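A.B. asks: Please see the structure below; I have some questions.
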Amino acid sequence: MMADEKKVTRMLKTARGQLDGILKMVEEDRYCVDISQQVMATEALLNRVNREILAAHLRGCVRQAVTAQEREAKVEEMVATLDKLLK
């Protein structure tokens with residue numbers, strides 16, 4: 001992985017903590033809107049992690065592809081990933 005491992009790990013651990021908090025809120029039968037807001041905050045954090053990873057992939061792996069064929073394969077891989085993200 002080309003992304004900053006410490007940064008990605010820290011963000012993922014934060015998301016894990018948020019998920020644990022959400023589970024506790026559900027178990028405690030907390031207010032639905034409060035739970036939903038925490039879910040959205042966790043989704044936003046996971047989206048930031050994904051952007052970090054994909055940006056590093058573009059800056060590293062795609063840029064390092066030696067042949068035109070390798071670069072084309074990496075670009076198509078990114079297009080497919082973006083298609084999934086934007087659905």
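Residue numbers start at 1 in each chain; chains themselves are named A, B, ... in the order of the structure tokens; ligands are numbered from 1 in the order shown.
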Do a neighbour search on Glu52 of chain A at 10 Å with only C-alpha atoms, toss out local chain neighbours closer than 2 positions, and write the hits as a PyMOL selection string.
C.D. replies: chain A and resi 2-4+7-8+46-50+54-57
A.B. asks: Just write the chosen residues, N, CA, C and O atoms, as a CSV table (one decimal), in the first residue's frame.
C.D. replies:
```
chain,number,residue,atom,x,y,z
A,2,MET,N,0.5,2.2,-0.8
A,2,MET,CA,1.4,3.4,-1.0
A,2,MET,C,0.9,4.5,0.0
A,2,MET,O,1.7,5.4,0.2
A,3,ALA,N,-0.2,4.4,0.6
A,3,ALA,CA,-0.7,5.5,1.5
A,3,ALA,C,0.0,5.5,2.8
A,3,ALA,O,0.7,4.5,3.1
A,4,ASP,N,0.0,6.6,3.5
A,4,ASP,CA,0.6,6.7,4.8
A,4,ASP,C,0.0,5.7,5.7
A,4,ASP,O,-1.2,5.9,6.2
A,7,LYS,N,-1.3,7.1,9.2
A,7,LYS,CA,-2.5,7.9,9.0
A,7,LYS,C,-3.7,7.0,8.8
A,7,LYS,O,-4.8,7.2,9.4
A,8,VAL,N,-3.6,6.1,7.8
A,8,VAL,CA,-4.7,5.2,7.5
A,8,VAL,C,-5.1,4.4,8.7
A,8,VAL,O,-6.3,4.2,9.0
A,46,LEU,N,-14.7,6.8,6.8
A,46,LEU,CA,-14.3,5.7,5.9
A,46,LEU,C,-14.1,6.2,4.5
A,46,LEU,O,-13.2,5.7,3.8
A,47,ASN,N,-15.0,7.1,4.0
A,47,ASN,CA,-14.8,7.7,2.7
A,47,ASN,C,-13.4,8.5,2.6
A,47,ASN,O,-12.7,8.4,1.6
A,48,ARG,N,-13.1,9.2,3.7
A,48,ARG,CA,-11.8,9.9,3.7
A,48,ARG,C,-10.6,8.9,3.6
A,48,ARG,O,-9.6,9.1,2.9
A,49,VAL,N,-10.7,7.8,4.4
A,49,VAL,CA,-9.7,6.8,4.3
A,49,VAL,C,-9.6,6.2,2.9
A,49,VAL,O,-8.5,6.1,2.4
A,50,ASN,N,-10.7,5.9,2.3
A,50,ASN,CA,-10.7,5.4,0.9
A,50,ASN,C,-10.1,6.4,-0.1
A,50,ASN,O,-9.3,6.0,-0.9
A,54,LEU,N,-6.8,5.6,-2.4
A,54,LEU,CA,-6.9,5.7,-3.8
A,54,LEU,C,-6.0,6.8,-4.4
A,54,LEU,O,-5.4,6.6,-5.4
A,55,ALA,N,-5.9,7.9,-3.7
A,55,ALA,CA,-5.0,9.0,-4.1
A,55,ALA,C,-3.5,8.5,-4.1
A,55,ALA,O,-2.8,8.7,-5.0
A,56,ALA,N,-3.2,7.7,-3.1
A,56,ALA,CA,-1.8,7.2,-3.0
A,56,ALA,C,-1.6,6.2,-4.1
A,56,ALA,O,-0.5,6.1,-4.7
A,57,HIS,N,-2.6,5.4,-4.4
A,57,HIS,CA,-2.5,4.4,-5.5
A,57,HIS,C,-2.2,5.2,-6.8
A,57,HIS,O,-1.4,4.8,-7.6
```
A.B. asks: Quick one: residues within 9 Å of Gln38 of chain A, only C-alpha atoms, excluding same-chain residues fewer than 6 positions away - as a list in words?
C.D. replies: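 Non-adjacent residues within range: Gln18, Leu19, Gly21 and Ile22 of chain A.
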A.B. asks: Using only C-alpha atoms, determine which residues lie at most 12 Å from Leu82 of chain A, disregarding the query and same-chain residues fewer than 3 positions distant; provide the list as a PyMOL selection string.
C.D. replies: chain A and resi 50-51+54-55+75-79+85-87
A.B. asks: Restricting it to all heavy atoms, dump the selection as an mmCIF file, in the first residue's frame.
C.D. replies:
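The resulting out-v3.cif:
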```cif
data_model
loop_
_atom_site.group_PDB
_atom_site.id
_atom_site.type_symbol
_atom_site.label_atom_id
_atom_site.label_comp_id
_atom_site.auth_asym_id
_atom_site.auth_seq_id
_atom_site.Cartn_x
_atom_site.Cartn_y
_atom_site.Cartn_z
ATOM 1 N N ASN A 50 -10.718 5.939 2.280
ATOM 2 C CA ASN A 50 -10.710 5.390 0.924
ATOM 3 C C ASN A 50 -10.066 6.375 -0.050
ATOM 4 O O ASN A 50 -9.278 5.985 -0.911
ATOM 5 C CB ASN A 50 -12.123 5.029 0.493
ATOM 6 C CG ASN A 50 -12.131 4.031 -0.645
ATOM 7 O OD1 ASN A 50 -11.161 3.323 -0.875
ATOM 8 N ND2 ASN A 50 -13.228 3.984 -1.358
ATOM 9 N N ARG A 51 -10.396 7.675 0.076
ATOM 10 C CA ARG A 51 -9.773 8.680 -0.793
ATOM 11 C C ARG A 51 -8.264 8.712 -0.602
ATOM 12 O O ARG A 51 -7.509 8.828 -1.561
ATOM 13 C CB ARG A 51 -10.364 10.070 -0.514
ATOM 14 C CG ARG A 51 -11.688 10.315 -1.199
ATOM 15 C CD ARG A 51 -12.069 11.782 -1.185
ATOM 16 N NE ARG A 51 -12.085 12.384 0.137
ATOM 17 C CZ ARG A 51 -13.130 12.419 0.948
ATOM 18 N NH1 ARG A 51 -14.263 11.865 0.577
ATOM 19 N NH2 ARG A 51 -13.053 12.993 2.120
ATOM 20 N N LEU A 54 -6.826 5.608 -2.355
ATOM 21 C CA LEU A 54 -6.906 5.698 -3.812
ATOM 22 C C LEU A 54 -5.989 6.787 -4.370
ATOM 23 O O LEU A 54 -5.378 6.610 -5.429
ATOM 24 C CB LEU A 54 -8.349 5.913 -4.261
ATOM 25 C CG LEU A 54 -9.274 4.716 -4.052
ATOM 26 C CD1 LEU A 54 -10.701 5.087 -4.414
ATOM 27 C CD2 LEU A 54 -8.801 3.506 -4.833
ATOM 28 N N ALA A 55 -5.877 7.901 -3.669
ATOM 29 C CA ALA A 55 -4.967 8.967 -4.119
ATOM 30 C C ALA A 55 -3.523 8.470 -4.100
ATOM 31 O O ALA A 55 -2.751 8.730 -5.030
ATOM 32 C CB ALA A 55 -5.115 10.197 -3.232
ATOM 33 N N VAL A 75 -5.288 2.244 -15.040
ATOM 34 C CA VAL A 75 -6.341 3.240 -15.274
ATOM 35 C C VAL A 75 -7.700 2.558 -15.322
ATOM 36 O O VAL A 75 -8.672 3.030 -14.710
ATOM 37 C CB VAL A 75 -6.060 4.039 -16.568
ATOM 38 C CG1 VAL A 75 -7.279 4.847 -16.978
ATOM 39 C CG2 VAL A 75 -4.843 4.935 -16.385
ATOM 40 N N GLU A 76 -7.806 1.445 -16.023
ATOM 41 C CA GLU A 76 -9.083 0.721 -16.094
ATOM 42 C C GLU A 76 -9.500 0.215 -14.720
ATOM 43 O O GLU A 76 -10.688 0.222 -14.383
ATOM 44 C CB GLU A 76 -8.991 -0.430 -17.100
ATOM 45 C CG GLU A 76 -8.918 0.027 -18.539
ATOM 46 C CD GLU A 76 -10.079 0.937 -18.930
ATOM 47 O OE1 GLU A 76 -11.244 0.630 -18.584
ATOM 48 O OE2 GLU A 76 -9.816 1.977 -19.558
ATOM 49 N N GLU A 77 -8.551 -0.197 -13.933
ATOM 50 C CA GLU A 77 -8.820 -0.631 -12.561
ATOM 51 C C GLU A 77 -9.412 0.531 -11.749
ATOM 52 O O GLU A 77 -10.377 0.358 -11.007
ATOM 53 C CB GLU A 77 -7.516 -1.120 -11.937
ATOM 54 C CG GLU A 77 -7.607 -1.639 -10.540
ATOM 55 C CD GLU A 77 -6.259 -2.093 -10.044
ATOM 56 O OE1 GLU A 77 -5.312 -1.274 -10.002
ATOM 57 O OE2 GLU A 77 -6.143 -3.273 -9.697
ATOM 58 N N MET A 78 -8.853 1.724 -11.914
ATOM 59 C CA MET A 78 -9.362 2.900 -11.205
ATOM 60 C C MET A 78 -10.756 3.284 -11.694
ATOM 61 O O MET A 78 -11.611 3.659 -10.902
ATOM 62 C CB MET A 78 -8.400 4.087 -11.374
ATOM 63 C CG MET A 78 -7.148 3.974 -10.541
ATOM 64 S SD MET A 78 -7.450 3.844 -8.765
ATOM 65 C CE MET A 78 -8.339 5.343 -8.449
ATOM 66 N N VAL A 79 -10.992 3.188 -12.983
ATOM 67 C CA VAL A 79 -12.309 3.493 -13.543
ATOM 68 C C VAL A 79 -13.351 2.546 -12.938
ATOM 69 O O VAL A 79 -14.431 2.978 -12.518
ATOM 70 C CB VAL A 79 -12.297 3.418 -15.079
ATOM 71 C CG1 VAL A 79 -13.705 3.449 -15.644
ATOM 72 C CG2 VAL A 79 -11.453 4.550 -15.667
ATOM 73 N N LEU A 85 -17.751 3.247 -6.500
ATOM 74 C CA LEU A 85 -17.897 4.297 -5.503
ATOM 75 C C LEU A 85 -19.074 5.225 -5.791
ATOM 76 O O LEU A 85 -19.723 5.715 -4.889
ATOM 77 C CB LEU A 85 -16.624 5.146 -5.443
ATOM 78 C CG LEU A 85 -15.455 4.575 -4.672
ATOM 79 C CD1 LEU A 85 -14.220 5.437 -4.877
ATOM 80 C CD2 LEU A 85 -15.789 4.478 -3.200
ATOM 81 N N LEU A 86 -19.314 5.465 -7.054
ATOM 82 C CA LEU A 86 -20.308 6.457 -7.445
ATOM 83 C C LEU A 86 -21.699 5.887 -7.650
ATOM 84 O O LEU A 86 -22.598 6.606 -8.052
ATOM 85 C CB LEU A 86 -19.838 7.194 -8.707
ATOM 86 C CG LEU A 86 -18.528 7.966 -8.516
ATOM 87 C CD1 LEU A 86 -18.059 8.532 -9.839
ATOM 88 C CD2 LEU A 86 -18.675 9.051 -7.472
ATOM 89 N N LYS A 87 -21.905 4.625 -7.365
ATOM 90 C CA LYS A 87 -23.239 4.018 -7.483
ATOM 91 C C LYS A 87 -24.076 4.324 -6.288
ATOM 92 O O LYS A 87 -23.702 4.564 -5.245
ATOM 93 C CB LYS A 87 -23.117 2.500 -7.668
ATOM 94 C CG LYS A 87 -22.683 2.145 -9.054
ATOM 95 C CD LYS A 87 -22.755 0.660 -9.241
ATOM 96 C CE LYS A 87 -22.346 0.334 -10.680
ATOM 97 N NZ LYS A 87 -22.414 -1.025 -10.991
#
```
A.B. asks: Using only C-alpha atoms, find the one residue out of A:Met25, A:Met1, A:Ala15, A:Cys61 that sits nearest to Ala41 of chain A.
C.D. replies: A:Ala15
A.B. asks: What residues in chain A get the DSSP label alpha helix (DSSP H)? Please answer as an mmCIF file with N, CA, C and O atoms, in the first residue's frame.
C.D. replies:
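Output file selection19.cif is given in full below:
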```
data_model
loop_
_atom_site.group_PDB
_atom_site.id
_atom_site.type_symbol
_atom_site.label_atom_id
_atom_site.label_comp_id
_atom_site.auth_asym_id
_atom_site.auth_seq_id
_atom_site.Cartn_x
_atom_site.Cartn_y
_atom_site.Cartn_z
ATOM 1 N N GLU A 5 0.702 4.671 6.044
ATOM 2 C CA GLU A 5 0.151 3.582 6.853
ATOM 3 C C GLU A 5 -0.300 4.057 8.232
ATOM 4 O O GLU A 5 -1.365 3.666 8.715
ATOM 5 N N LYS A 6 0.491 4.913 8.876
ATOM 6 C CA LYS A 6 0.132 5.392 10.210
ATOM 7 C C LYS A 6 -1.161 6.202 10.164
ATOM 8 O O LYS A 6 -2.032 6.043 11.023
ATOM 9 N N LYS A 7 -1.293 7.056 9.166
ATOM 10 C CA LYS A 7 -2.496 7.885 9.036
ATOM 11 C C LYS A 7 -3.718 7.026 8.774
ATOM 12 O O LYS A 7 -4.761 7.195 9.420
ATOM 13 N N VAL A 8 -3.600 6.085 7.845
ATOM 14 C CA VAL A 8 -4.722 5.207 7.507
ATOM 15 C C VAL A 8 -5.104 4.353 8.716
ATOM 16 O O VAL A 8 -6.282 4.210 9.035
ATOM 17 N N THR A 9 -4.113 3.811 9.399
ATOM 18 C CA THR A 9 -4.376 2.976 10.576
ATOM 19 C C THR A 9 -5.092 3.775 11.656
ATOM 20 O O THR A 9 -6.073 3.311 12.246
ATOM 21 N N ARG A 10 -4.625 4.996 11.907
ATOM 22 C CA ARG A 10 -5.250 5.847 12.925
ATOM 23 C C ARG A 10 -6.702 6.136 12.566
ATOM 24 O O ARG A 10 -7.604 6.024 13.410
ATOM 25 N N MET A 11 -6.948 6.460 11.309
ATOM 26 C CA MET A 11 -8.313 6.764 10.881
ATOM 27 C C MET A 11 -9.217 5.535 10.984
ATOM 28 O O MET A 11 -10.374 5.635 11.407
ATOM 29 N N LEU A 12 -8.696 4.363 10.613
ATOM 30 C CA LEU A 12 -9.495 3.144 10.698
ATOM 31 C C LEU A 12 -9.790 2.761 12.145
ATOM 32 O O LEU A 12 -10.892 2.292 12.473
ATOM 33 N N LYS A 13 -8.831 2.974 13.030
ATOM 34 C CA LYS A 13 -9.072 2.697 14.447
ATOM 35 C C LYS A 13 -10.121 3.648 15.013
ATOM 36 O O LYS A 13 -10.951 3.257 15.840
ATOM 37 N N THR A 14 -10.103 4.886 14.540
ATOM 38 C CA THR A 14 -11.128 5.840 14.954
ATOM 39 C C THR A 14 -12.496 5.377 14.478
ATOM 40 O O THR A 14 -13.475 5.410 15.235
ATOM 41 N N ALA A 15 -12.572 4.935 13.233
ATOM 42 C CA ALA A 15 -13.840 4.434 12.689
ATOM 43 C C ALA A 15 -14.316 3.219 13.478
ATOM 44 O O ALA A 15 -15.520 3.092 13.763
ATOM 45 N N ARG A 16 -13.388 2.350 13.839
ATOM 46 C CA ARG A 16 -13.762 1.179 14.640
ATOM 47 C C ARG A 16 -14.346 1.617 15.987
ATOM 48 O O ARG A 16 -15.358 1.076 16.450
ATOM 49 N N GLY A 17 -13.729 2.623 16.596
ATOM 50 C CA GLY A 17 -14.250 3.156 17.853
ATOM 51 C C GLY A 17 -15.636 3.751 17.675
ATOM 52 O O GLY A 17 -16.517 3.587 18.533
ATOM 53 N N GLN A 18 -15.831 4.449 16.553
ATOM 54 C CA GLN A 18 -17.151 5.008 16.274
ATOM 55 C C GLN A 18 -18.187 3.898 16.113
ATOM 56 O O GLN A 18 -19.311 4.019 16.609
ATOM 57 N N LEU A 19 -17.818 2.825 15.416
ATOM 58 C CA LEU A 19 -18.752 1.702 15.251
ATOM 59 C C LEU A 19 -19.100 1.070 16.587
ATOM 60 O O LEU A 19 -20.265 0.731 16.836
ATOM 61 N N ASP A 20 -18.114 0.913 17.456
ATOM 62 C CA ASP A 20 -18.397 0.382 18.794
ATOM 63 C C ASP A 20 -19.375 1.286 19.535
ATOM 64 O O ASP A 20 -20.295 0.805 20.205
ATOM 65 N N GLY A 21 -19.189 2.607 19.376
ATOM 66 C CA GLY A 21 -20.099 3.557 20.007
ATOM 67 C C GLY A 21 -21.506 3.456 19.450
ATOM 68 O O GLY A 21 -22.498 3.548 20.191
ATOM 69 N N ILE A 22 -21.606 3.256 18.142
ATOM 70 C CA ILE A 22 -22.917 3.113 17.505
ATOM 71 C C ILE A 22 -23.616 1.856 18.013
ATOM 72 O O ILE A 22 -24.816 1.877 18.326
ATOM 73 N N LEU A 23 -22.882 0.767 18.101
ATOM 74 C CA LEU A 23 -23.464 -0.474 18.629
ATOM 75 C C LEU A 23 -23.998 -0.273 20.046
ATOM 76 O O LEU A 23 -25.093 -0.734 20.386
ATOM 77 N N LYS A 24 -23.233 0.443 20.849
ATOM 78 C CA LYS A 24 -23.661 0.712 22.223
ATOM 79 C C LYS A 24 -24.932 1.571 22.223
ATOM 80 O O LYS A 24 -25.850 1.329 23.012
ATOM 81 N N MET A 25 -24.976 2.553 21.318
ATOM 82 C CA MET A 25 -26.173 3.397 21.225
ATOM 83 C C MET A 25 -27.400 2.568 20.862
ATOM 84 O O MET A 25 -28.486 2.776 21.424
ATOM 85 N N VAL A 26 -27.239 1.626 19.941
ATOM 86 C CA VAL A 26 -28.350 0.755 19.537
ATOM 87 C C VAL A 26 -28.786 -0.100 20.725
ATOM 88 O O VAL A 26 -29.984 -0.226 21.009
ATOM 89 N N GLU A 27 -27.798 -0.683 21.417
ATOM 90 C CA GLU A 27 -28.108 -1.534 22.569
ATOM 91 C C GLU A 27 -28.821 -0.754 23.672
ATOM 92 O O GLU A 27 -29.650 -1.305 24.396
ATOM 93 N N CYS A 32 -33.056 7.608 17.493
ATOM 94 C CA CYS A 32 -32.714 7.160 16.133
ATOM 95 C C CYS A 32 -31.884 8.176 15.353
ATOM 96 O O CYS A 32 -30.921 7.818 14.677
ATOM 97 N N VAL A 33 -32.251 9.444 15.445
ATOM 98 C CA VAL A 33 -31.535 10.472 14.690
ATOM 99 C C VAL A 33 -30.097 10.595 15.187
ATOM 100 O O VAL A 33 -29.169 10.782 14.391
ATOM 101 N N ASP A 34 -29.885 10.455 16.484
ATOM 102 C CA ASP A 34 -28.529 10.497 17.026
ATOM 103 C C ASP A 34 -27.690 9.341 16.478
ATOM 104 O O ASP A 34 -26.523 9.524 16.121
ATOM 105 N N ILE A 35 -28.292 8.176 16.421
ATOM 106 C CA ILE A 35 -27.594 7.009 15.871
ATOM 107 C C ILE A 35 -27.269 7.246 14.404
ATOM 108 O O ILE A 35 -26.140 7.013 13.954
ATOM 109 N N SER A 36 -28.238 7.734 13.665
ATOM 110 C CA SER A 36 -28.041 7.993 12.244
ATOM 111 C C SER A 36 -26.906 8.992 12.011
ATOM 112 O O SER A 36 -26.079 8.818 11.100
ATOM 113 N N GLN A 37 -26.846 10.031 12.825
ATOM 114 C CA GLN A 37 -25.773 11.020 12.683
ATOM 115 C C GLN A 37 -24.401 10.392 12.920
ATOM 116 O O GLN A 37 -23.436 10.716 12.222
ATOM 117 N N GLN A 38 -24.321 9.488 13.870
ATOM 118 C CA GLN A 38 -23.051 8.811 14.130
ATOM 119 C C GLN A 38 -22.681 7.874 12.979
ATOM 120 O O GLN A 38 -21.508 7.745 12.622
ATOM 121 N N VAL A 39 -23.674 7.218 12.398
ATOM 122 C CA VAL A 39 -23.433 6.362 11.234
ATOM 123 C C VAL A 39 -22.882 7.209 10.083
ATOM 124 O O VAL A 39 -21.903 6.845 9.425
ATOM 125 N N MET A 40 -23.493 8.374 9.852
ATOM 126 C CA MET A 40 -23.027 9.254 8.770
ATOM 127 C C MET A 40 -21.610 9.754 9.028
ATOM 128 O O MET A 40 -20.799 9.845 8.098
ATOM 129 N N ALA A 41 -21.291 10.048 10.262
ATOM 130 C CA ALA A 41 -19.941 10.500 10.600
ATOM 131 C C ALA A 41 -18.927 9.387 10.334
ATOM 132 O O ALA A 41 -17.831 9.639 9.812
ATOM 133 N N THR A 42 -19.296 8.170 10.654
ATOM 134 C CA THR A 42 -18.410 7.024 10.415
ATOM 135 C C THR A 42 -18.242 6.786 8.926
ATOM 136 O O THR A 42 -17.125 6.533 8.442
ATOM 137 N N GLU A 43 -19.330 6.888 8.175
ATOM 138 C CA GLU A 43 -19.244 6.740 6.719
ATOM 139 C C GLU A 43 -18.321 7.799 6.127
ATOM 140 O O GLU A 43 -17.502 7.502 5.246
ATOM 141 N N ALA A 44 -18.428 9.024 6.605
ATOM 142 C CA ALA A 44 -17.585 10.112 6.099
ATOM 143 C C ALA A 44 -16.112 9.820 6.380
ATOM 144 O O ALA A 44 -15.246 10.042 5.512
ATOM 145 N N LEU A 45 -15.828 9.310 7.554
ATOM 146 C CA LEU A 45 -14.443 8.974 7.891
ATOM 147 C C LEU A 45 -13.931 7.850 7.005
ATOM 148 O O LEU A 45 -12.809 7.915 6.480
ATOM 149 N N LEU A 46 -14.728 6.827 6.796
ATOM 150 C CA LEU A 46 -14.315 5.726 5.924
ATOM 151 C C LEU A 46 -14.122 6.203 4.485
ATOM 152 O O LEU A 46 -13.202 5.746 3.789
ATOM 153 N N ASN A 47 -14.952 7.148 4.047
ATOM 154 C CA ASN A 47 -14.760 7.719 2.712
ATOM 155 C C ASN A 47 -13.432 8.473 2.619
ATOM 156 O O ASN A 47 -12.744 8.408 1.599
ATOM 157 N N ARG A 48 -13.068 9.190 3.688
ATOM 158 C CA ARG A 48 -11.769 9.888 3.691
ATOM 159 C C ARG A 48 -10.618 8.893 3.635
ATOM 160 O O ARG A 48 -9.620 9.116 2.940
ATOM 161 N N VAL A 49 -10.742 7.794 4.364
ATOM 162 C CA VAL A 49 -9.715 6.754 4.320
ATOM 163 C C VAL A 49 -9.596 6.207 2.903
ATOM 164 O O VAL A 49 -8.488 6.059 2.372
ATOM 165 N N ASN A 50 -10.718 5.939 2.280
ATOM 166 C CA ASN A 50 -10.710 5.390 0.924
ATOM 167 C C ASN A 50 -10.066 6.375 -0.050
ATOM 168 O O ASN A 50 -9.278 5.985 -0.911
ATOM 169 N N ARG A 51 -10.396 7.675 0.076
ATOM 170 C CA ARG A 51 -9.773 8.680 -0.793
ATOM 171 C C ARG A 51 -8.264 8.712 -0.602
ATOM 172 O O ARG A 51 -7.509 8.828 -1.561
ATOM 173 N N GLU A 52 -7.822 8.613 0.632
ATOM 174 C CA GLU A 52 -6.382 8.610 0.936
ATOM 175 C C GLU A 52 -5.695 7.436 0.241
ATOM 176 O O GLU A 52 -4.643 7.577 -0.370
ATOM 177 N N ILE A 53 -6.301 6.273 0.352
ATOM 178 C CA ILE A 53 -5.729 5.066 -0.250
ATOM 179 C C ILE A 53 -5.721 5.169 -1.774
ATOM 180 O O ILE A 53 -4.709 4.876 -2.425
ATOM 181 N N LEU A 54 -6.826 5.608 -2.355
ATOM 182 C CA LEU A 54 -6.906 5.698 -3.812
ATOM 183 C C LEU A 54 -5.989 6.787 -4.370
ATOM 184 O O LEU A 54 -5.378 6.610 -5.429
ATOM 185 N N ALA A 55 -5.877 7.901 -3.669
ATOM 186 C CA ALA A 55 -4.967 8.967 -4.119
ATOM 187 C C ALA A 55 -3.523 8.470 -4.100
ATOM 188 O O ALA A 55 -2.751 8.730 -5.030
ATOM 189 N N ALA A 56 -3.167 7.746 -3.051
ATOM 190 C CA ALA A 56 -1.815 7.194 -2.976
ATOM 191 C C ALA A 56 -1.592 6.174 -4.086
ATOM 192 O O ALA A 56 -0.494 6.095 -4.657
ATOM 193 N N HIS A 57 -2.619 5.422 -4.416
ATOM 194 C CA HIS A 57 -2.519 4.450 -5.505
ATOM 195 C C HIS A 57 -2.236 5.166 -6.828
ATOM 196 O O HIS A 57 -1.361 4.760 -7.595
ATOM 197 N N ARG A 63 1.498 5.702 -11.413
ATOM 198 C CA ARG A 63 2.636 6.454 -11.926
ATOM 199 C C ARG A 63 3.843 5.550 -12.181
ATOM 200 O O ARG A 63 4.618 5.785 -13.094
ATOM 201 N N GLN A 64 3.995 4.509 -11.378
ATOM 202 C CA GLN A 64 5.153 3.619 -11.500
ATOM 203 C C GLN A 64 4.991 2.550 -12.569
ATOM 204 O O GLN A 64 5.951 1.846 -12.879
ATOM 205 N N ALA A 68 3.080 1.029 -21.286
ATOM 206 C CA ALA A 68 1.777 1.613 -21.595
ATOM 207 C C ALA A 68 0.660 0.639 -21.251
ATOM 208 O O ALA A 68 -0.407 1.038 -20.773
ATOM 209 N N GLN A 69 0.892 -0.630 -21.466
ATOM 210 C CA GLN A 69 -0.108 -1.656 -21.165
ATOM 211 C C GLN A 69 -0.378 -1.712 -19.659
ATOM 212 O O GLN A 69 -1.530 -1.817 -19.235
ATOM 213 N N GLU A 70 0.673 -1.639 -18.849
ATOM 214 C CA GLU A 70 0.501 -1.641 -17.394
ATOM 215 C C GLU A 70 -0.270 -0.407 -16.941
ATOM 216 O O GLU A 70 -1.157 -0.494 -16.093
ATOM 217 N N ARG A 71 0.082 0.750 -17.498
ATOM 218 C CA ARG A 71 -0.625 1.980 -17.143
ATOM 219 C C ARG A 71 -2.098 1.888 -17.513
ATOM 220 O O ARG A 71 -2.963 2.279 -16.741
ATOM 221 N N GLU A 72 -2.384 1.377 -18.690
ATOM 222 C CA GLU A 72 -3.771 1.241 -19.137
ATOM 223 C C GLU A 72 -4.550 0.316 -18.202
ATOM 224 O O GLU A 72 -5.705 0.593 -17.853
ATOM 225 N N ALA A 73 -3.926 -0.769 -17.770
ATOM 226 C CA ALA A 73 -4.583 -1.698 -16.845
ATOM 227 C C ALA A 73 -4.883 -1.005 -15.516
ATOM 228 O O ALA A 73 -5.969 -1.187 -14.945
ATOM 229 N N LYS A 74 -3.946 -0.201 -15.028
ATOM 230 C CA LYS A 74 -4.155 0.520 -13.764
ATOM 231 C C LYS A 74 -5.266 1.555 -13.906
ATOM 232 O O LYS A 74 -6.082 1.731 -13.007
ATOM 233 N N VAL A 75 -5.288 2.244 -15.040
ATOM 234 C CA VAL A 75 -6.341 3.240 -15.274
ATOM 235 C C VAL A 75 -7.700 2.558 -15.322
ATOM 236 O O VAL A 75 -8.672 3.030 -14.710
ATOM 237 N N GLU A 76 -7.806 1.445 -16.023
ATOM 238 C CA GLU A 76 -9.083 0.721 -16.094
ATOM 239 C C GLU A 76 -9.500 0.215 -14.720
ATOM 240 O O GLU A 76 -10.688 0.222 -14.383
ATOM 241 N N GLU A 77 -8.551 -0.197 -13.933
ATOM 242 C CA GLU A 77 -8.820 -0.631 -12.561
ATOM 243 C C GLU A 77 -9.412 0.531 -11.749
ATOM 244 O O GLU A 77 -10.377 0.358 -11.007
ATOM 245 N N MET A 78 -8.853 1.724 -11.914
ATOM 246 C CA MET A 78 -9.362 2.900 -11.205
ATOM 247 C C MET A 78 -10.756 3.284 -11.694
ATOM 248 O O MET A 78 -11.611 3.659 -10.902
ATOM 249 N N VAL A 79 -10.992 3.188 -12.983
ATOM 250 C CA VAL A 79 -12.309 3.493 -13.543
ATOM 251 C C VAL A 79 -13.351 2.546 -12.938
ATOM 252 O O VAL A 79 -14.431 2.978 -12.518
ATOM 253 N N ALA A 80 -13.025 1.280 -12.851
ATOM 254 C CA ALA A 80 -13.952 0.306 -12.261
ATOM 255 C C ALA A 80 -14.201 0.613 -10.787
ATOM 256 O O ALA A 80 -15.346 0.521 -10.311
ATOM 257 N N THR A 81 -13.169 1.005 -10.084
ATOM 258 C CA THR A 81 -13.311 1.352 -8.663
ATOM 259 C C THR A 81 -14.186 2.595 -8.511
ATOM 260 O O THR A 81 -15.073 2.627 -7.643
ATOM 261 N N LEU A 82 -13.967 3.588 -9.355
ATOM 262 C CA LEU A 82 -14.795 4.798 -9.289
ATOM 263 C C LEU A 82 -16.246 4.504 -9.616
ATOM 264 O O LEU A 82 -17.159 5.069 -9.009
ATOM 265 N N ASP A 83 -16.468 3.602 -10.569
ATOM 266 C CA ASP A 83 -17.844 3.199 -10.886
ATOM 267 C C ASP A 83 -18.540 2.637 -9.659
ATOM 268 O O ASP A 83 -19.695 2.944 -9.385
ATOM 269 N N LYS A 84 -17.840 1.806 -8.912
ATOM 270 C CA LYS A 84 -18.414 1.229 -7.680
ATOM 271 C C LYS A 84 -18.685 2.303 -6.638
ATOM 272 O O LYS A 84 -19.704 2.274 -5.947
ATOM 273 N N LEU A 85 -17.751 3.247 -6.500
ATOM 274 C CA LEU A 85 -17.897 4.297 -5.503
ATOM 275 C C LEU A 85 -19.074 5.225 -5.791
ATOM 276 O O LEU A 85 -19.723 5.715 -4.889
#
```
